[in-house]
Amino acid sequence: MEILIDILGWAGSAALLLGYGLNSYQKIKSNSLIFLGLNIFGGISLIVYTAFYQAYANTALNVVWVIIAIPAVFKILSKEKTPR
């Protein structure tokens, strides 16, 4: 079980870094579903990882990270469904 949690933690870290890097080099925008998806996947993965290892300060940080990203996704999706 521990190895799966470790893999999940590394994958989450990679997703957050990938999103940040791509956004920093203007390959994706911060309001794109790709960026937000990477943030949500990374944040949830790191929530599981840090909770497993009882690193609760990092768990709280990632919970907030995900809470910020989820409404942003809904905002983008609602704009896409609105007729122009």
# chains A, B, ... in the order shown; residues from 1 in each chain; ligands from 1

call {"tool": "residues_around", "arguments": {"residues": "segment 39-46 of chain A", "least_positions_apart": "3", "cutoff": "9 Å", "atoms": "only C-alpha atoms", "output": "PyMOL selection string"}}
result
chain A and resi 5+8-17+19-20+34-36+49-51+58-59+61-67+69-70

call {"tool": "select_by_dssp", "arguments": {"residues": "chain A", "states": "helix (DSSP H, G or I)", "output": "MDAnalysis selection string"}}
result
chainID A and resid 2:24 33:52 56:81

call {"tool": "atom_distance", "arguments": {"atom1": "atom CA of Ser32 of chain A", "atom2": "atom CA of Ile7 of chain A"}}
result
25.9 Å

call {"tool": "residues_around", "arguments": {"residues": "Ala72 of chain A", "least_positions_apart": "4", "cutoff": "8 Å", "atoms": "only C-alpha atoms", "output": "number ranges by chain"}}
result
A: 31, 36, 68, 76

call {"tool": "write_last_selection", "arguments": {"atoms": "N, CA, C and O atoms", "output": "compact mmCIF listing (two decimals), in the first residue's frame"}}
result
# COMPACT_ATOMS: atom_id res chain seq x y z
N ASN A 31 -6.42 29.75 -17.00
CA ASN A 31 -7.86 29.50 -16.98
C ASN A 31 -8.26 28.39 -17.96
O ASN A 31 -9.40 28.30 -18.37
N LEU A 36 -6.16 23.57 -14.87
CA LEU A 36 -6.96 23.31 -13.68
C LEU A 36 -7.07 21.81 -13.38
O LEU A 36 -7.05 21.40 -12.22
N ILE A 68 -9.83 25.93 -4.50
CA ILE A 68 -9.71 27.07 -5.42
C ILE A 68 -9.92 26.62 -6.86
O ILE A 68 -10.58 27.31 -7.65
N ILE A 76 -15.50 27.95 -15.97
CA ILE A 76 -15.13 27.76 -17.38
C ILE A 76 -16.19 26.93 -18.10
O ILE A 76 -16.60 27.28 -19.22

call {"tool": "decode", "arguments": {"residues": "segment 36-76 of chain A", "atoms": "N, CA and C atoms", "output": "compact mmCIF listing (two decimals), in the first residue's frame"}}
result
# COMPACT_ATOMS: atom_id res chain seq x y z
N LEU A 36 -6.16 23.57 -14.87
CA LEU A 36 -6.96 23.31 -13.68
C LEU A 36 -7.07 21.81 -13.38
N GLY A 37 -7.15 21.00 -14.43
CA GLY A 37 -7.18 19.55 -14.23
C GLY A 37 -5.90 19.04 -13.60
N LEU A 38 -4.76 19.55 -14.08
CA LEU A 38 -3.48 19.17 -13.48
C LEU A 38 -3.44 19.59 -12.02
N ASN A 39 -3.96 20.77 -11.71
CA ASN A 39 -3.99 21.25 -10.33
C ASN A 39 -4.90 20.40 -9.45
N ILE A 40 -6.05 20.04 -9.97
CA ILE A 40 -6.97 19.22 -9.17
C ILE A 40 -6.41 17.82 -8.96
N PHE A 41 -5.91 17.19 -10.03
CA PHE A 41 -5.31 15.87 -9.87
C PHE A 41 -4.13 15.92 -8.91
N GLY A 42 -3.25 16.89 -9.12
CA GLY A 42 -2.08 17.02 -8.26
C GLY A 42 -2.46 17.28 -6.82
N GLY A 43 -3.41 18.18 -6.62
CA GLY A 43 -3.83 18.50 -5.26
C GLY A 43 -4.46 17.32 -4.55
N ILE A 44 -5.35 16.62 -5.23
CA ILE A 44 -6.01 15.45 -4.61
C ILE A 44 -4.98 14.35 -4.32
N SER A 45 -4.08 14.14 -5.26
CA SER A 45 -3.04 13.13 -5.05
C SER A 45 -2.19 13.47 -3.83
N LEU A 46 -1.84 14.74 -3.71
CA LEU A 46 -1.02 15.14 -2.57
C LEU A 46 -1.81 15.19 -1.27
N ILE A 47 -3.12 15.38 -1.34
CA ILE A 47 -3.94 15.27 -0.13
C ILE A 47 -3.85 13.85 0.42
N VAL A 48 -4.02 12.86 -0.46
CA VAL A 48 -3.94 11.47 -0.04
C VAL A 48 -2.55 11.15 0.52
N TYR A 49 -1.53 11.59 -0.22
CA TYR A 49 -0.15 11.31 0.17
C TYR A 49 0.19 11.93 1.53
N THR A 50 -0.11 13.22 1.68
CA THR A 50 0.27 13.89 2.92
C THR A 50 -0.59 13.44 4.11
N ALA A 51 -1.84 13.13 3.86
CA ALA A 51 -2.68 12.60 4.95
C ALA A 51 -2.16 11.23 5.40
N PHE A 52 -1.75 10.41 4.44
CA PHE A 52 -1.22 9.08 4.78
C PHE A 52 0.00 9.21 5.68
N TYR A 53 0.87 10.17 5.38
CA TYR A 53 2.08 10.36 6.16
C TYR A 53 1.90 11.37 7.30
N GLN A 54 0.67 11.76 7.55
CA GLN A 54 0.29 12.65 8.65
C GLN A 54 1.03 13.99 8.60
N ALA A 55 1.22 14.50 7.40
CA ALA A 55 1.81 15.83 7.21
C ALA A 55 0.65 16.79 6.99
N TYR A 56 -0.05 17.09 8.07
CA TYR A 56 -1.34 17.76 7.97
C TYR A 56 -1.26 19.21 7.49
N ALA A 57 -0.16 19.88 7.71
CA ALA A 57 -0.03 21.24 7.18
C ALA A 57 -0.06 21.21 5.65
N ASN A 58 0.63 20.26 5.07
CA ASN A 58 0.60 20.11 3.60
C ASN A 58 -0.75 19.60 3.12
N THR A 59 -1.39 18.76 3.91
CA THR A 59 -2.73 18.30 3.55
C THR A 59 -3.68 19.50 3.47
N ALA A 60 -3.63 20.37 4.46
CA ALA A 60 -4.50 21.55 4.47
C ALA A 60 -4.22 22.45 3.27
N LEU A 61 -2.96 22.65 2.96
CA LEU A 61 -2.58 23.47 1.81
C LEU A 61 -3.19 22.90 0.53
N ASN A 62 -3.10 21.60 0.34
CA ASN A 62 -3.62 20.99 -0.88
C ASN A 62 -5.13 20.97 -0.92
N VAL A 63 -5.78 20.88 0.23
CA VAL A 63 -7.24 20.99 0.27
C VAL A 63 -7.65 22.37 -0.25
N VAL A 64 -6.99 23.40 0.22
CA VAL A 64 -7.29 24.76 -0.24
C VAL A 64 -7.00 24.88 -1.74
N TRP A 65 -5.89 24.30 -2.18
CA TRP A 65 -5.51 24.32 -3.60
C TRP A 65 -6.63 23.75 -4.46
N VAL A 66 -7.18 22.63 -4.05
CA VAL A 66 -8.26 21.98 -4.79
C VAL A 66 -9.55 22.80 -4.69
N ILE A 67 -9.82 23.35 -3.52
CA ILE A 67 -11.03 24.17 -3.34
C ILE A 67 -11.00 25.39 -4.25
N ILE A 68 -9.83 25.93 -4.50
CA ILE A 68 -9.71 27.07 -5.42
C ILE A 68 -9.92 26.62 -6.86
N ALA A 69 -9.41 25.47 -7.22
CA ALA A 69 -9.45 25.01 -8.62
C ALA A 69 -10.84 24.54 -9.05
N ILE A 70 -11.56 23.88 -8.19
CA ILE A 70 -12.85 23.30 -8.59
C ILE A 70 -13.87 24.36 -9.04
N PRO A 71 -14.08 25.45 -8.30
CA PRO A 71 -15.03 26.46 -8.79
C PRO A 71 -14.56 27.09 -10.11
N ALA A 72 -13.26 27.20 -10.29
CA ALA A 72 -12.74 27.75 -11.54
C ALA A 72 -13.12 26.87 -12.73
N VAL A 73 -13.09 25.55 -12.53
CA VAL A 73 -13.50 24.63 -13.59
C VAL A 73 -14.98 24.83 -13.91
N PHE A 74 -15.81 24.93 -12.88
CA PHE A 74 -17.25 25.13 -13.11
C PHE A 74 -17.51 26.45 -13.82
N LYS A 75 -16.75 27.47 -13.49
CA LYS A 75 -16.89 28.76 -14.15
C LYS A 75 -16.58 28.65 -15.64
N ILE A 76 -15.50 27.95 -15.97
CA ILE A 76 -15.13 27.76 -17.38
C ILE A 76 -16.19 26.93 -18.10
